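What's in target21.txt: compact mmCIF, C-alpha atoms
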```txt
# COMPACT_ATOMS: atom_id res chain seq x y z
CA MET B 1 67.64 -6.21 89.08
CA SER B 2 69.07 -8.52 91.75
CA ARG B 3 66.47 -10.65 93.48
CA VAL B 4 66.15 -10.87 97.26
CA ALA B 5 65.14 -13.82 99.48
CA TYR B 6 64.18 -14.03 103.13
CA VAL B 7 65.96 -16.84 105.01
CA ASN B 8 65.51 -17.35 108.75
CA GLY B 9 65.28 -13.72 109.75
CA ARG B 10 67.53 -12.15 107.10
CA TYR B 11 66.97 -10.60 103.69
CA VAL B 12 69.79 -11.85 101.49
CA PRO B 13 70.70 -11.75 97.78
CA PHE B 14 68.84 -14.55 96.01
CA VAL B 15 72.08 -16.02 94.65
CA ASP B 16 73.44 -16.34 98.20
CA ALA B 17 70.28 -17.78 99.80
CA ALA B 18 70.94 -21.18 101.36
CA VAL B 19 69.96 -23.58 104.11
CA HIS B 20 72.07 -26.14 105.96
CA ILE B 21 72.64 -29.54 104.31
CA GLU B 22 70.99 -31.21 107.31
CA ASP B 23 67.81 -29.19 107.00
CA ARG B 24 65.04 -31.77 107.29
CA GLY B 25 63.24 -30.32 104.28
CA TYR B 26 66.26 -31.27 102.17
CA GLN B 27 66.77 -34.70 103.69
CA PHE B 28 63.23 -35.86 104.47
CA ALA B 29 60.85 -33.46 102.67
CA ASP B 30 59.80 -32.66 106.24
CA GLY B 31 58.17 -29.35 105.51
CA VAL B 32 55.22 -27.43 104.09
CA TYR B 33 54.82 -24.59 101.64
CA GLU B 34 52.41 -22.03 100.20
CA VAL B 35 52.32 -20.22 96.85
CA MET B 36 50.43 -16.92 96.80
CA ALA B 37 49.44 -14.82 93.83
CA VAL B 38 50.46 -11.17 93.57
CA ARG B 39 48.27 -8.91 91.46
CA ASP B 40 49.14 -5.24 91.03
CA GLY B 41 51.59 -5.54 93.90
CA ARG B 42 48.99 -6.95 96.30
CA LEU B 43 48.85 -10.43 97.78
CA ALA B 44 45.65 -12.30 96.94
CA ASP B 45 43.73 -14.27 99.57
CA LEU B 46 46.45 -13.95 102.19
CA GLU B 47 44.32 -15.03 105.14
CA LEU B 48 43.13 -18.14 103.33
CA HIS B 49 46.71 -19.14 102.59
CA LEU B 50 47.73 -18.55 106.21
CA ASP B 51 44.78 -20.64 107.40
CA ARG B 52 45.91 -23.52 105.20
CA LEU B 53 49.51 -23.09 106.33
CA ASP B 54 48.42 -23.31 109.96
CA ARG B 55 46.49 -26.49 109.23
CA SER B 56 49.42 -28.13 107.44
CA LEU B 57 51.74 -27.29 110.33
CA VAL B 58 49.31 -28.74 112.87
CA GLU B 59 48.89 -31.95 110.87
CA LEU B 60 52.69 -32.43 110.81
CA HIS B 61 53.11 -31.43 114.50
CA MET B 62 55.42 -28.63 113.42
CA GLU B 63 55.87 -25.27 115.11
CA THR B 64 55.39 -22.14 113.06
CA ALA B 65 58.51 -20.06 112.48
CA MET B 66 56.74 -16.77 113.19
CA SER B 67 53.36 -15.19 113.79
CA ARG B 68 50.84 -14.54 111.02
CA ARG B 69 51.34 -10.79 111.40
CA ALA B 70 55.12 -11.14 111.12
CA LEU B 71 54.74 -13.35 108.05
CA ALA B 72 52.49 -10.78 106.40
CA VAL B 73 55.16 -8.11 106.99
CA VAL B 74 57.81 -10.34 105.41
CA PHE B 75 55.59 -11.05 102.41
CA GLU B 76 54.96 -7.35 101.81
CA GLU B 77 58.65 -6.56 102.17
CA ILE B 78 59.79 -9.35 99.85
CA VAL B 79 57.27 -8.17 97.25
CA ARG B 80 58.56 -4.61 97.62
CA ARG B 81 62.25 -5.52 97.48
CA ASN B 82 61.75 -7.67 94.38
CA ARG B 83 59.45 -5.11 92.75
CA VAL B 84 56.85 -7.75 92.04
CA ALA B 85 53.80 -6.35 90.28
CA ASN B 86 52.20 -9.55 89.01
CA GLY B 87 53.68 -12.82 90.13
CA ILE B 88 53.99 -15.11 93.11
CA VAL B 89 55.33 -15.32 96.64
CA TYR B 90 56.68 -18.69 97.74
CA LEU B 91 56.87 -19.65 101.42
CA GLN B 92 58.46 -22.80 102.81
CA MET B 93 58.74 -23.94 106.41
CA THR B 94 60.65 -27.05 107.45
CA ARG B 95 61.18 -28.69 110.80
CA GLY B 96 64.69 -27.27 110.78
CA VAL B 97 68.29 -28.41 111.01
CA ALA B 98 69.20 -31.50 113.02
CA LYS B 99 71.34 -34.62 112.93
CA ARG B 100 69.81 -37.01 110.39
CA ASP B 101 67.30 -39.24 112.16
CA HIS B 102 63.77 -40.11 111.09
CA ALA B 103 62.17 -39.28 114.44
CA PHE B 104 61.43 -35.66 115.33
CA PRO B 105 64.49 -33.94 116.83
CA HIS B 106 64.33 -32.19 120.20
CA ASN B 107 64.64 -28.41 120.38
CA CYS B 108 64.69 -28.00 116.61
CA LYS B 109 63.95 -24.51 115.28
CA THR B 110 61.59 -24.26 112.33
CA SER B 111 63.28 -22.90 109.21
CA VAL B 112 61.50 -20.39 106.96
CA VAL B 113 62.31 -19.24 103.45
CA VAL B 114 60.35 -16.69 101.40
CA THR B 115 60.96 -15.73 97.79
CA ALA B 116 59.04 -13.70 95.22
CA ARG B 117 59.20 -13.16 91.49
CA ASN B 118 57.30 -11.62 88.63
CA VAL B 119 55.51 -14.00 86.28
CA PRO B 120 54.93 -13.08 82.63
CA PRO B 121 51.29 -12.91 81.50
CA ARG B 122 49.96 -16.20 80.23
CA PRO B 123 49.57 -16.52 76.47
CA ALA B 124 46.09 -15.43 75.43
CA ALA B 125 45.71 -18.70 73.54
CA ILE B 126 45.48 -20.63 76.80
CA ILE B 127 42.19 -18.96 77.61
CA GLU B 128 40.96 -18.52 74.05
CA LYS B 129 41.69 -22.08 72.89
CA GLY B 130 41.97 -24.07 76.11
CA VAL B 131 44.47 -26.77 77.06
CA ARG B 132 44.93 -30.52 76.94
CA VAL B 133 45.42 -32.75 79.95
CA VAL B 134 46.59 -36.34 80.12
CA THR B 135 45.74 -38.83 82.85
CA VAL B 136 48.12 -40.78 85.08
CA PRO B 137 47.61 -43.20 87.97
CA ASP B 138 47.46 -41.46 91.34
CA ILE B 139 50.44 -42.96 93.22
CA ARG B 140 50.67 -40.37 95.99
CA TRP B 141 50.50 -40.91 99.76
CA LYS B 142 47.20 -40.78 101.64
CA ARG B 143 47.54 -37.29 103.10
CA CYS B 144 47.39 -35.11 100.01
CA ASP B 145 45.36 -32.62 102.05
CA ILE B 146 48.63 -31.49 103.67
CA LYS B 147 50.55 -29.02 101.51
CA SER B 148 53.80 -30.91 101.98
CA VAL B 149 57.01 -30.29 100.04
CA SER B 150 57.05 -34.06 99.34
CA LEU B 151 56.02 -33.73 95.70
CA LEU B 152 57.93 -36.39 93.75
CA PRO B 153 54.77 -38.12 92.37
CA ASN B 154 53.49 -34.70 91.29
CA VAL B 155 56.80 -33.98 89.59
CA LEU B 156 56.62 -37.28 87.69
CA ALA B 157 53.04 -36.55 86.67
CA LYS B 158 53.89 -33.06 85.45
CA GLN B 159 56.84 -34.42 83.49
CA ARG B 160 54.54 -37.02 81.93
CA ALA B 161 52.26 -34.19 80.80
CA LYS B 162 55.16 -32.16 79.45
CA GLY B 163 56.49 -35.16 77.55
CA ALA B 164 53.06 -35.68 75.99
CA GLY B 165 52.80 -32.03 74.96
CA ALA B 166 49.98 -31.44 77.44
CA TYR B 167 49.43 -28.61 79.91
CA GLU B 168 48.66 -30.75 82.94
CA ALA B 169 48.25 -34.31 84.22
CA TRP B 170 45.04 -35.35 85.97
CA MET B 171 45.49 -38.16 88.46
CA VAL B 172 43.07 -41.11 88.52
CA ASP B 173 42.67 -43.30 91.60
CA GLU B 174 42.16 -47.08 91.77
CA ASP B 175 38.38 -46.63 91.51
CA GLY B 176 38.67 -44.71 88.25
CA HIS B 177 37.92 -41.31 89.82
CA VAL B 178 39.83 -38.17 88.92
CA THR B 179 41.36 -36.78 92.11
CA GLU B 180 43.22 -33.64 91.01
CA GLY B 181 46.02 -32.40 88.80
CA SER B 182 49.72 -32.49 89.55
CA SER B 183 49.47 -28.86 90.71
CA THR B 184 45.80 -27.99 90.14
CA ASN B 185 42.25 -28.91 91.11
CA ALA B 186 40.04 -30.56 88.49
CA TRP B 187 36.47 -29.53 87.52
CA ILE B 188 33.83 -30.55 85.02
CA VAL B 189 30.55 -28.98 83.93
CA GLU B 190 27.77 -31.50 83.33
CA ARG B 191 25.35 -31.07 80.46
CA SER B 192 22.76 -30.08 83.07
CA GLY B 193 24.97 -27.10 83.90
CA ASP B 194 26.02 -28.46 87.31
CA LEU B 195 29.59 -27.76 88.39
CA ILE B 196 31.34 -30.88 89.69
CA THR B 197 34.58 -31.03 91.65
CA ARG B 198 35.82 -33.59 94.11
CA HIS B 199 34.83 -33.09 97.74
CA LEU B 200 37.57 -32.22 100.21
CA ASP B 201 39.15 -35.28 101.75
CA ASN B 202 42.63 -36.73 102.26
CA ALA B 203 42.97 -37.45 98.53
CA ILE B 204 43.20 -33.82 97.38
CA LEU B 205 44.55 -30.46 98.45
CA SER B 206 42.09 -27.78 99.43
CA GLY B 207 43.08 -25.32 96.73
CA ILE B 208 42.65 -21.66 97.58
CA THR B 209 41.56 -20.89 94.03
CA ARG B 210 39.18 -23.85 94.24
CA MET B 211 37.67 -22.32 97.38
CA VAL B 212 37.30 -18.87 95.87
CA VAL B 213 35.83 -20.17 92.60
CA SER B 214 33.34 -22.29 94.57
CA ASP B 215 32.18 -19.17 96.42
CA LEU B 216 31.96 -17.16 93.22
CA ALA B 217 29.94 -19.88 91.52
CA MET B 218 27.44 -20.10 94.37
CA LYS B 219 27.06 -16.32 94.44
CA GLN B 220 26.13 -16.59 90.76
CA GLN B 221 23.55 -19.22 91.79
CA ARG B 222 25.31 -21.95 89.87
CA ARG B 223 24.70 -25.42 91.29
CA LEU B 224 27.92 -26.85 92.73
CA VAL B 225 28.17 -30.54 93.57
CA GLU B 226 31.24 -31.76 95.43
CA ARG B 227 31.72 -35.45 94.69
CA PRO B 228 34.12 -37.82 92.94
CA PHE B 229 33.77 -38.02 89.16
CA THR B 230 35.13 -40.64 86.81
CA LEU B 231 37.35 -40.20 83.80
CA GLU B 232 34.40 -41.29 81.64
CA GLU B 233 32.24 -38.54 83.15
CA ALA B 234 34.95 -35.99 82.45
CA GLU B 235 35.24 -37.09 78.83
CA ALA B 236 31.45 -36.84 78.42
CA ALA B 237 31.14 -33.45 80.15
CA SER B 238 30.09 -30.31 78.33
CA GLU B 239 33.04 -28.39 79.79
CA ALA B 240 36.08 -28.99 81.96
CA PHE B 241 38.60 -26.70 83.60
CA LEU B 242 41.31 -26.58 86.23
CA THR B 243 42.16 -24.09 88.95
CA SER B 244 45.23 -23.08 90.93
CA THR B 245 47.09 -20.02 92.18
CA THR B 246 49.30 -19.98 89.08
CA SER B 247 46.82 -21.31 86.50
CA PHE B 248 43.82 -19.31 87.75
CA VAL B 249 40.80 -20.73 85.86
CA THR B 250 41.99 -22.56 82.75
CA PRO B 251 39.66 -24.30 80.28
CA VAL B 252 40.39 -27.94 79.48
CA VAL B 253 39.27 -28.85 75.96
CA GLN B 254 40.91 -32.26 75.57
CA ILE B 255 41.52 -35.16 77.95
CA ASN B 256 44.06 -37.58 76.53
CA ASP B 257 42.78 -37.90 72.93
CA VAL B 258 39.11 -37.10 73.68
CA SER B 259 37.68 -33.66 73.02
CA VAL B 260 35.56 -32.20 75.82
CA GLY B 261 32.23 -30.76 74.70
CA THR B 262 32.74 -28.77 71.52
CA GLY B 263 36.50 -28.89 71.91
CA THR B 264 36.56 -25.18 72.72
CA PRO B 265 36.30 -23.25 76.02
CA GLY B 266 32.69 -23.14 77.20
CA PRO B 267 30.58 -20.28 78.56
CA VAL B 268 30.55 -21.46 82.18
CA THR B 269 34.33 -21.70 82.30
CA GLN B 270 34.70 -18.31 80.65
CA ALA B 271 32.30 -16.70 83.11
CA LEU B 272 34.15 -18.17 86.09
CA HIS B 273 37.48 -17.11 84.61
CA ASP B 274 36.26 -13.53 84.31
CA LEU B 275 34.81 -13.52 87.84
CA TYR B 276 38.03 -14.86 89.29
CA ASP B 277 40.08 -12.29 87.37
CA GLU B 278 37.89 -9.57 88.87
CA HIS B 279 38.44 -11.09 92.31
CA LEU B 280 42.23 -10.95 91.87
CA SER B 281 42.00 -7.35 90.73
CA GLY B 282 40.06 -6.47 93.86
CA GLN B 283 36.96 -5.35 91.98
```
Would it be possible to restate this file's structure as structure tokens?
Amino acid sequence: MSRVAYVNGRYVPFVDAAVHIEDRGYQFADGVYEVMAVRDGRLADLELHLDRLDRSLVELHMETAMSRRALAVVFEEIVRRNRVANGIVYLQMTRGVAKRDHAFPHNCKTSVVVTARNVPPRPAAIIEKGVRVVTVPDIRWKRCDIKSVSLLPNVLAKQRAKGAGAYEAWMVDEDGHVTEGSSTNAWIVERSGDLITRHLDNAILSGITRMVVSDLAMKQQRRLVERPFTLEEAEAASEAFLTSTTSFVTPVVQINDVSVGTGTPGPVTQALHDLYDEHLSGQ
């Protein structure tokens, strides 16, 4: 089946989708994006994603390309046209096309691109056996709270993980604290049972899955503490896991060469995984 993309007001064949070579997203990474999960043909947590999109646009002094209602219509249509049952929708907005100059151009029209695709189910072993992460220095800019398309440090971190045969890379700041993964948020479970994840600040992205899992945990009366944690704390934790739109809730059983807890997925992680899966299914 041919895929379809939405580009600046038109639905076009995916193979023909294109933007101008002077689009500022291409030349300056002057843009933002969102990735939304699709489960059983339905978008998950749409309003939360649109809230974060609005915030990113405001922080970059960028105009939205269209209203929230219009975006929702496009998302539904792109899911329908691509026959996506379980997968993702990708949205990108850039400041638009203009003569190359660092300063904001005048009268520039925001560009918008939307794509969607099915994603195969994750191997059962990921949940049953857990994954390994490696650590890398956090070399990113100081506004990681903006969901910018400027992701080169994240790309390098992910490649470092892939080269090491790991699932993900966790970034560690100059103070020895884990900030987040290259495309995920990082969590640990202390031996007391407390859930620990970094508080929201400029050093991490406010993950939508992170937000939902936090709410689910508190509804289950699990104690959640939002604070920085060190690599040493993570290695000594009873459990660890990561969250994201595409990784859901994934148990981490090894950090570098150190096993976490028993070296197998723990009960807290499994419970949160199941709760989040129910959330995606609309139960």
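Among the candidates B:Glu22, B:Glu174, B:Glu168, B:Glu63, the residue lying nearest to Lys99 of chain B is B:Glu22 (atoms considered: only C-alpha atoms).
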Among the residues B:Ile78, B:Val249, B:Ile146, B:Val212, the one that comes closest to Trp187 of chain B [using all atoms listed in the file]:
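Residue with the minimum atom-to-atom distance to Trp187 of chain B: B:Val249.
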With all atoms listed in the file counted and 10 Å as the cut-off, give the residues of segment 23-57 of chain B in contact with segment 103-118 of chain B, each with its shortest interatomic distance in Å and the pair that gives it, as a tab-separated table.
```
residue	atom	partner	partner_atom	distance
B:Asp23	CA	B:Ser111	CA	8.1
B:Arg24	CA	B:Ser111	CA	9.2
B:Gly25	CA	B:Ser111	CA	8.9
B:Asp30	CA	B:Phe104	CA	9.7
B:Gly31	CA	B:Ser111	CA	9.0
B:Val32	CA	B:Val112	CA	9.9
B:Tyr33	CA	B:Val113	CA	9.4
B:Glu34	CA	B:Val114	CA	9.6
B:Val35	CA	B:Ala116	CA	9.5
B:Met36	CA	B:Ala116	CA	9.3
B:Ala37	CA	B:Ala116	CA	9.8
B:Val38	CA	B:Asn118	CA	8.4
B:Arg39	CA	B:Asn118	CA	9.8
B:Gly41	CA	B:Asn118	CA	9.9
```
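Candidate residues B:Cys144, B:Val213, B:Val133, B:Ala157 were compared for distance to Glu235 of chain B, and the nearest is B:Val133, using all atoms listed in the file.
Considering all atoms listed in the file, the residue among B:Lys219, B:Ala44, B:Val15, B:Phe28 positioned nearest to His279 of chain B is B:Ala44.
By all atoms listed in the file, and with residues fewer than 3 positions from Thr179 of chain B along its chain excluded, the set lying at most 9 Å from it is Asp138, Trp170, Met171, Val172, Asp173, Asn185, Ala186, Thr197, Arg198, Ala203, Ile204, Pro228 and Phe229 of chain B.
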Non-local contacts of Gln27 of chain B (10 Å; only C-alpha atoms; under 5 positions in same chain excluded) as an MDAnalysis selection string
chainID B and resid 21:22 97 100:102
Can you work out which one of B:Ala65, B:Ala161, B:Leu205, B:Ala29 has the shortest atom-to-atom distance to Lys147 of chain B, counting only C-alpha atoms?
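Counting only C-alpha atoms, the residue closest to Lys147 of chain B is B:Leu205.
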How many Å separate atom CA of Gly163 of chain B from atom CA of Ser183 of chain B?
16.2 Å
Would you compute the box with edges along x, y and z of the file around segment 210-227 of chain B, including every atom the file lists for it and 3 Å extra on each side, and give its centre and edge lengths in Å to one decimal, as lines of an AutoDock Vina configuration file?
```
center_x = 31.4
center_y = -25.9
center_z = 93.6
size_x = 21.6
size_y = 25.1
size_z = 13.5
```
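You can rank B:Asp215, B:Gly207, B:Thr135, B:Asp274 by their closest distance to Ala234 of chain B using all atoms listed in the file, and at the top of that list sits B:Thr135.
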Could you jot down the atom CA of Val149 of chain B to atom CA of Gly130 of chain B separation for me, Å, one decimal place?
28.9 Å
Just give me the gap between atom CA of Lys129 of chain B and atom CA of Thr269 of chain B in Å, one decimal is fine.
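Going from atom CA of Lys129 of chain B over to atom CA of Thr269 of chain B covers 12.0 Å.
Omitting Ala17 of chain B and its sequence neighbours fewer than 5 positions away, and counting only C-alpha atoms, the residues within 8 Å are B:Ala5, B:Tyr6, B:Val7, B:Val12.
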Using all atoms listed in the file, I'd like a table of the residues in segment 155-215 of chain B that come within 10 Å of segment 260-263 of chain B; for each, show the closest atom pair and its distance in Å rounded to one decimal, ordered by chain and ascending number, as a tab-separated table.
```
residue	atom	partner	partner_atom	distance
B:Ile188	CA	B:Val260	CA	9.5
B:Val189	CA	B:Gly261	CA	9.5
B:Glu190	CA	B:Gly261	CA	9.7
B:Arg191	CA	B:Gly261	CA	9.0
```
